[in-house]
>>> print(open('work_6.txt').read())   # compact mmCIF, C-alpha atoms
# COMPACT_ATOMS: atom_id res chain seq x y z
CA MET A 1 -1.54 -4.97 -28.96
CA LEU A 2 1.89 -4.62 -27.41
CA LYS A 3 4.88 -5.83 -29.37
CA LYS A 4 7.07 -8.46 -27.76
CA ASP A 5 10.15 -6.27 -27.45
CA GLN A 6 8.13 -3.67 -25.51
CA ALA A 7 7.11 -6.09 -22.75
CA SER A 8 10.50 -6.83 -21.13
CA ARG A 9 10.66 -6.43 -17.36
CA THR A 10 13.14 -4.69 -15.08
CA HIS A 11 11.82 -5.80 -11.67
CA TYR A 12 11.81 -9.30 -10.20
CA PHE A 13 10.17 -10.30 -6.94
CA GLN A 14 11.68 -12.48 -4.25
CA HIS A 15 9.70 -15.73 -3.99
CA SER A 16 9.51 -17.99 -0.93
CA LEU A 17 6.46 -19.94 -2.03
CA LEU A 18 4.62 -22.21 0.37
CA ASP A 19 3.74 -25.79 -0.51
CA GLU A 20 0.21 -25.33 -1.78
CA LYS A 21 -2.60 -27.60 -0.65
CA LYS A 22 -4.39 -29.55 -3.36
CA LEU A 23 -7.97 -28.48 -3.95
CA ASP A 24 -10.26 -29.55 -6.77
CA ARG A 25 -12.22 -26.49 -7.89
CA GLN A 26 -15.66 -27.21 -9.32
CA THR A 27 -18.61 -25.08 -10.43
CA SER A 28 -22.15 -26.07 -9.51
CA ASP A 29 -25.58 -24.42 -9.69
CA GLY A 30 -25.03 -23.11 -6.18
CA GLY A 31 -21.69 -21.49 -7.03
CA ARG A 32 -18.06 -22.50 -6.90
CA VAL A 33 -17.11 -25.47 -4.71
CA TYR A 34 -13.69 -26.73 -3.62
CA VAL A 35 -13.03 -30.35 -2.68
CA THR A 36 -10.16 -31.01 -0.28
CA GLU A 37 -7.83 -34.01 -0.33
CA GLU A 38 -9.93 -35.45 2.49
CA GLY A 39 -13.00 -35.27 0.27
CA ASN A 40 -14.70 -32.35 2.01
CA ALA A 41 -16.69 -30.16 -0.40
CA TYR A 42 -16.67 -26.52 0.69
CA PRO A 43 -18.34 -23.47 -0.87
CA SER A 44 -16.04 -20.73 -2.08
CA VAL A 45 -15.46 -17.68 0.08
CA THR A 46 -16.84 -15.44 -2.68
CA THR A 47 -20.00 -17.56 -2.94
CA VAL A 48 -20.70 -17.18 0.77
CA LEU A 49 -19.90 -13.46 0.92
CA SER A 50 -21.92 -12.69 -2.21
CA GLU A 51 -25.05 -13.34 -0.15
CA LEU A 52 -24.33 -10.11 1.76
CA ASN A 53 -24.61 -7.99 -1.39
CA LYS A 54 -27.48 -9.79 -3.07
CA ALA A 55 -30.15 -7.21 -2.19
CA SER A 56 -28.08 -4.22 -3.33
CA ILE A 57 -27.17 -5.96 -6.60
CA ILE A 58 -30.85 -6.69 -7.34
CA GLU A 59 -31.69 -3.05 -6.58
CA TRP A 60 -28.94 -1.84 -8.94
CA ARG A 61 -30.05 -4.16 -11.75
CA ASN A 62 -33.63 -2.95 -11.40
CA ARG A 63 -32.48 0.65 -11.48
CA VAL A 64 -30.28 0.48 -14.61
CA GLY A 65 -32.27 -2.21 -16.41
CA GLU A 66 -31.48 -5.85 -17.09
CA GLU A 67 -29.85 -5.33 -20.49
CA ALA A 68 -27.60 -2.49 -19.33
CA ALA A 69 -26.69 -4.38 -16.16
CA ASN A 70 -25.68 -7.45 -18.17
CA LYS A 71 -23.44 -5.36 -20.46
CA ILE A 72 -21.79 -3.53 -17.58
CA THR A 73 -21.22 -6.75 -15.66
CA ALA A 74 -19.80 -8.61 -18.67
CA ARG A 75 -17.43 -5.76 -19.47
CA ALA A 76 -16.26 -5.54 -15.85
CA VAL A 77 -15.63 -9.28 -15.69
CA ARG A 78 -13.64 -9.28 -18.94
CA ARG A 79 -11.53 -6.32 -17.93
CA GLY A 80 -10.97 -7.63 -14.40
CA THR A 81 -9.91 -11.03 -15.70
CA LYS A 82 -7.44 -9.53 -18.20
CA VAL A 83 -5.87 -7.05 -15.76
CA HIS A 84 -5.71 -9.74 -13.11
CA GLY A 85 -3.90 -12.00 -15.58
CA ILE A 86 -1.26 -9.34 -16.22
CA LEU A 87 -0.77 -8.80 -12.49
CA GLU A 88 -0.46 -12.52 -11.86
CA ASP A 89 2.18 -12.90 -14.58
CA PHE A 90 4.01 -9.82 -13.28
CA VAL A 91 4.32 -11.03 -9.67
CA SER A 92 5.19 -14.52 -11.00
CA ASN A 93 8.31 -12.95 -12.59
CA LYS A 94 7.26 -13.94 -16.10
CA ASP A 95 8.96 -12.14 -18.96
CA ASN A 96 6.86 -10.48 -21.69
CA TYR A 97 3.96 -10.29 -19.26
CA LEU A 98 2.32 -7.51 -21.27
CA GLU A 99 2.48 -9.25 -24.62
CA GLY A 100 -0.87 -9.60 -26.39
CA HIS A 101 -2.85 -7.37 -24.02
CA MET A 102 -5.01 -4.43 -25.02
CA PRO A 103 -3.69 -0.91 -24.28
CA SER A 104 -6.56 -0.08 -21.91
CA ASN A 105 -5.76 -3.10 -19.73
CA ILE A 106 -2.04 -2.31 -19.84
CA GLU A 107 -2.71 1.25 -18.69
CA MET A 108 -4.70 0.03 -15.70
CA PHE A 109 -1.90 -2.40 -14.84
CA LYS A 110 0.68 0.37 -15.04
CA VAL A 111 -1.03 2.48 -12.40
CA ILE A 112 -1.11 -0.50 -10.02
CA GLU A 113 2.45 -1.64 -10.76
CA PRO A 114 4.30 0.90 -8.56
CA PHE A 115 2.37 -0.22 -5.48
CA LEU A 116 3.80 -3.70 -6.03
CA THR A 117 7.37 -2.88 -7.00
CA GLU A 118 7.76 -0.40 -4.14
CA ASN A 119 5.96 -2.27 -1.35
CA VAL A 120 6.07 -6.05 -1.93
CA GLU A 121 9.21 -7.37 -0.24
CA GLU A 122 8.65 -11.12 -0.51
CA ILE A 123 5.96 -13.37 -2.02
CA TYR A 124 4.70 -16.53 -0.30
CA GLY A 125 1.78 -17.45 -2.53
CA ILE A 126 0.31 -16.44 -5.89
CA GLU A 127 -3.28 -17.47 -6.61
CA ILE A 128 -2.86 -19.66 -3.57
CA LYS A 129 -5.66 -22.12 -2.82
CA LEU A 130 -6.78 -22.09 0.80
CA TYR A 131 -9.45 -23.73 2.94
CA SER A 132 -10.68 -23.97 6.50
CA ASP A 133 -12.25 -26.96 8.18
CA THR A 134 -13.41 -24.59 10.92
CA LEU A 135 -15.22 -22.18 8.58
CA ARG A 136 -16.09 -24.98 6.14
CA ALA A 137 -15.10 -22.87 3.16
CA ALA A 138 -12.30 -22.53 0.64
CA GLY A 139 -11.01 -20.09 -1.93
CA THR A 140 -8.12 -18.64 -3.88
CA ALA A 141 -6.22 -15.60 -2.63
CA ASP A 142 -4.65 -13.30 -5.22
CA LEU A 143 -1.41 -12.77 -3.30
CA TYR A 144 0.08 -13.71 0.06
CA CYS A 145 3.16 -11.62 0.61
CA LYS A 146 5.12 -9.28 2.85
CA TYR A 147 3.77 -5.81 2.10
CA ARG A 148 5.28 -2.78 3.79
CA GLY A 149 6.97 -5.03 6.31
CA LEU A 150 3.99 -7.18 7.34
CA PRO A 151 2.59 -10.55 6.19
CA THR A 152 -0.39 -9.58 4.07
CA ILE A 153 -3.26 -10.96 2.06
CA LEU A 154 -3.37 -8.71 -1.01
CA ASP A 155 -6.36 -8.51 -3.31
CA PHE A 156 -6.51 -6.96 -6.79
CA LYS A 157 -9.71 -5.26 -7.92
CA THR A 158 -10.79 -3.15 -10.90
CA SER A 159 -13.58 -0.60 -10.99
CA ARG A 160 -15.18 1.97 -13.27
CA LYS A 161 -14.68 4.70 -10.66
CA GLU A 162 -13.26 5.25 -7.20
CA LYS A 163 -15.02 3.48 -4.34
CA ARG A 164 -15.86 4.78 -0.91
CA GLU A 165 -14.37 2.69 1.86
CA ASP A 166 -17.77 1.83 3.26
CA TRP A 167 -18.56 0.10 -0.06
CA ILE A 168 -15.78 -2.49 0.23
CA LEU A 169 -16.62 -4.37 3.42
CA ASN A 170 -16.91 -7.59 1.42
CA TYR A 171 -13.35 -7.19 0.17
CA LYS A 172 -12.08 -6.76 3.72
CA LEU A 173 -14.02 -9.79 4.89
CA GLN A 174 -12.64 -11.82 1.99
CA CYS A 175 -9.04 -10.93 2.82
CA SER A 176 -9.57 -11.57 6.53
CA THR A 177 -11.05 -14.97 5.75
CA TYR A 178 -8.01 -15.91 3.69
CA ALA A 179 -5.75 -14.71 6.51
CA MET A 180 -7.56 -17.05 8.91
CA MET A 181 -7.14 -19.92 6.44
CA VAL A 182 -3.38 -19.32 6.14
CA GLU A 183 -3.09 -19.42 9.90
CA GLU A 184 -5.15 -22.62 10.16
CA ILE A 185 -3.26 -24.46 7.41
CA TYR A 186 0.30 -23.19 7.85
CA GLY A 187 0.37 -21.82 11.40
CA LEU A 188 1.52 -18.42 10.12
CA ILE A 189 0.14 -15.15 11.45
CA VAL A 190 -1.30 -12.78 8.82
CA PRO A 191 -2.19 -9.49 10.53
CA GLN A 192 -2.68 -7.28 7.48
CA TYR A 193 -4.84 -6.98 4.38
CA CYS A 194 -4.24 -4.75 1.39
CA ILE A 195 -6.80 -4.07 -1.33
CA LEU A 196 -5.60 -2.37 -4.51
CA ILE A 197 -8.38 -1.06 -6.75
CA GLY A 198 -7.50 0.29 -10.19
CA ASN A 199 -10.19 2.32 -11.91
CA ASP A 200 -11.06 3.81 -15.29
CA GLU A 201 -10.14 7.27 -14.01
CA GLY A 202 -6.49 6.23 -14.04
CA THR A 203 -5.92 6.10 -10.30
CA VAL A 204 -5.42 3.38 -7.71
CA GLN A 205 -6.94 3.16 -4.26
CA GLU A 206 -4.95 1.38 -1.58
CA PHE A 207 -6.88 0.15 1.45
CA ILE A 208 -4.74 -1.34 4.23
CA GLY A 209 -6.05 -2.66 7.52
CA ASP A 210 -5.94 -5.21 10.32
CA THR A 211 -7.43 -8.63 9.54
CA TYR A 212 -8.24 -9.10 13.23
CA ASP A 213 -10.81 -6.31 13.04
CA TYR A 214 -13.11 -8.57 10.99
CA ARG A 215 -12.51 -12.08 12.28
CA ASP A 216 -15.48 -12.28 14.64
CA GLN A 217 -17.69 -11.09 11.81
CA VAL A 218 -16.21 -13.69 9.46
CA ILE A 219 -16.88 -16.49 11.93
CA LYS A 220 -20.52 -15.43 12.35
CA ILE A 221 -21.11 -15.11 8.58
CA PHE A 222 -19.85 -18.63 7.88
CA GLU A 223 -21.63 -20.12 10.91
CA ASP A 224 -24.91 -18.56 9.72
CA TYR A 225 -24.33 -19.80 6.16
CA HIS A 226 -24.02 -23.39 7.32
CA THR A 227 -27.03 -23.35 9.65
>>> encode(input="work_6.txt", output="structure tokens")
Amino acid sequence: MLKKDQASRTHYFQHSLLDEKKLDRQTSDGGRVYVTEEGNAYPSVTTVLSELNKASIIEWRNRVGEEAANKITARAVRRGTKVHGILEDFVSNKDNYLEGHMPSNIEMFKVIEPFLTENVEEIYGIEIKLYSDTLRAAGTADLYCKYRGLPTILDFKTSRKEKREDWILNYKLQCSTYAMMVEEIYGLIVPQYCILIGNDEGTVQEFIGDTYDYRDQVIKIFEDYHT
């Protein structure tokens, strides 16, 4: 564990946080659900998009075996949650953001950190809850910020190894969906997504792209889900 005096910070982010909409997040047998102030219950973005990967996940679990799959999944969830927590505290400008965390999680954070300190110019939302009455869905975006000069939905991921870009379509769709929700709720244009994936090999992959490339696909996915 890191000692308290080792966790002091030297970088602070500029915050211009939006007034966040109130959403009641609930978990049901069908997945996560958000209830808006108007009483509309919407499935989470991740619940809807997970349907796209269901077949490949079943294939993987059959290939490695149920017990091994459960262990790998549990470990990935624990690590992802811990690293995500550090990143959230870091961009929130909290002091001693590393205190109490395991060295392996700190090391993964440290390889991601430079991408944030060097490229994030202003932060508009951290773990910001979003929804769309048009898509009839809701969710929580990791970060809404200005990244390399453009308004951006930024997503943090962790992985055992580097990913090929054709493996992360779901991540791109997720970010593009959140961009559409920001525009619907706040009237603000979000043209860019950024996906930062830290891995056990000690490197970070940065995927940047145009949210408009995936919007037609997003609309169809959510229309099909609700029909």
>>> atom_distance(input="work_6.txt", atom1="atom CA of Met108 of chain A", atom2="atom CA of Asn199 of chain A")
7.1 Å
>>> residues_around(input="work_6.txt", residues="Asp133 of chain A", least_positions_apart="4", cutoff="10 Å", atoms="only C-alpha atoms", output="compact mmCIF listing (two decimals) with C-alpha atoms, in the frame of the given file")
# COMPACT_ATOMS: atom_id res chain seq x y z
CA THR A 36 -10.16 -31.01 -0.28
CA ASN A 40 -14.70 -32.35 2.01
CA TYR A 42 -16.67 -26.52 0.69
CA ALA A 137 -15.10 -22.87 3.16
CA ALA A 138 -12.30 -22.53 0.64
CA MET A 181 -7.14 -19.92 6.44
CA GLU A 184 -5.15 -22.62 10.16
CA ILE A 185 -3.26 -24.46 7.41
>>> residues_around(input="work_6.txt", residues="Phe222 of chain A", least_positions_apart="5", cutoff="10 Å", atoms="all atoms listed in the file", output="ChimeraX atom specification")
/A:45,48-49,134-137,177,217,227
>>> residues_near_point(input="work_6.txt", point="(-6.9, -3.3, 7.6)", cutoff="8 Å", atoms="all atoms listed in the file", output="PyMOL selection string")
chain A and resi 172+192-194+207-211+213
>>> residues_around(input="work_6.txt", residues="Asn93 of chain A", least_positions_apart="6", cutoff="12 Å", atoms="all atoms listed in the file", output="list in words")
Ser8, Arg9, Thr10, His11, Tyr12, Phe13, Gln14, His15, Ile86, Leu87, Thr117, Ile123 and Ile126 of chain A
>>> atom_distance(input="work_6.txt", atom1="atom CA of Leu196 of chain A", atom2="atom CA of Leu154 of chain A")
7.6 Å
>>> closest_residue(input="work_6.txt", among="A:Ser92, A:Ile153, A:Ile112, A:Trp167", to="Ser16 of chain A", atoms="all atoms listed in the file")
A:Ser92
>>> closest_residue(input="work_6.txt", among="A:Glu121, A:Tyr212, A:Arg79, A:Gly39", to="Pro103 of chain A", atoms="all atoms listed in the file")
A:Arg79
>>> atom_distance(input="work_6.txt", atom1="atom CA of Ile106 of chain A", atom2="atom CA of Arg75 of chain A")
15.8 Å
>>> closest_residue(input="work_6.txt", among="A:Arg160, A:Gly100, A:Leu130, A:Glu51", to="Gly30 of chain A", atoms="all atoms listed in the file")
A:Glu51
>>> closest_atom_pairs(input="work_6.txt", of="segment 118-220 of chain A", to="segment 18-23 of chain A", cutoff="7 Å", atoms="only C-alpha atoms", output="tab-separated table")
residue	atom	partner	partner_atom	distance
A:Tyr124	CA	A:Leu18	CA	5.7
A:Gly125	CA	A:Leu18	CA	6.3
A:Ile128	CA	A:Glu20	CA	6.7
A:Lys129	CA	A:Lys21	CA	6.6
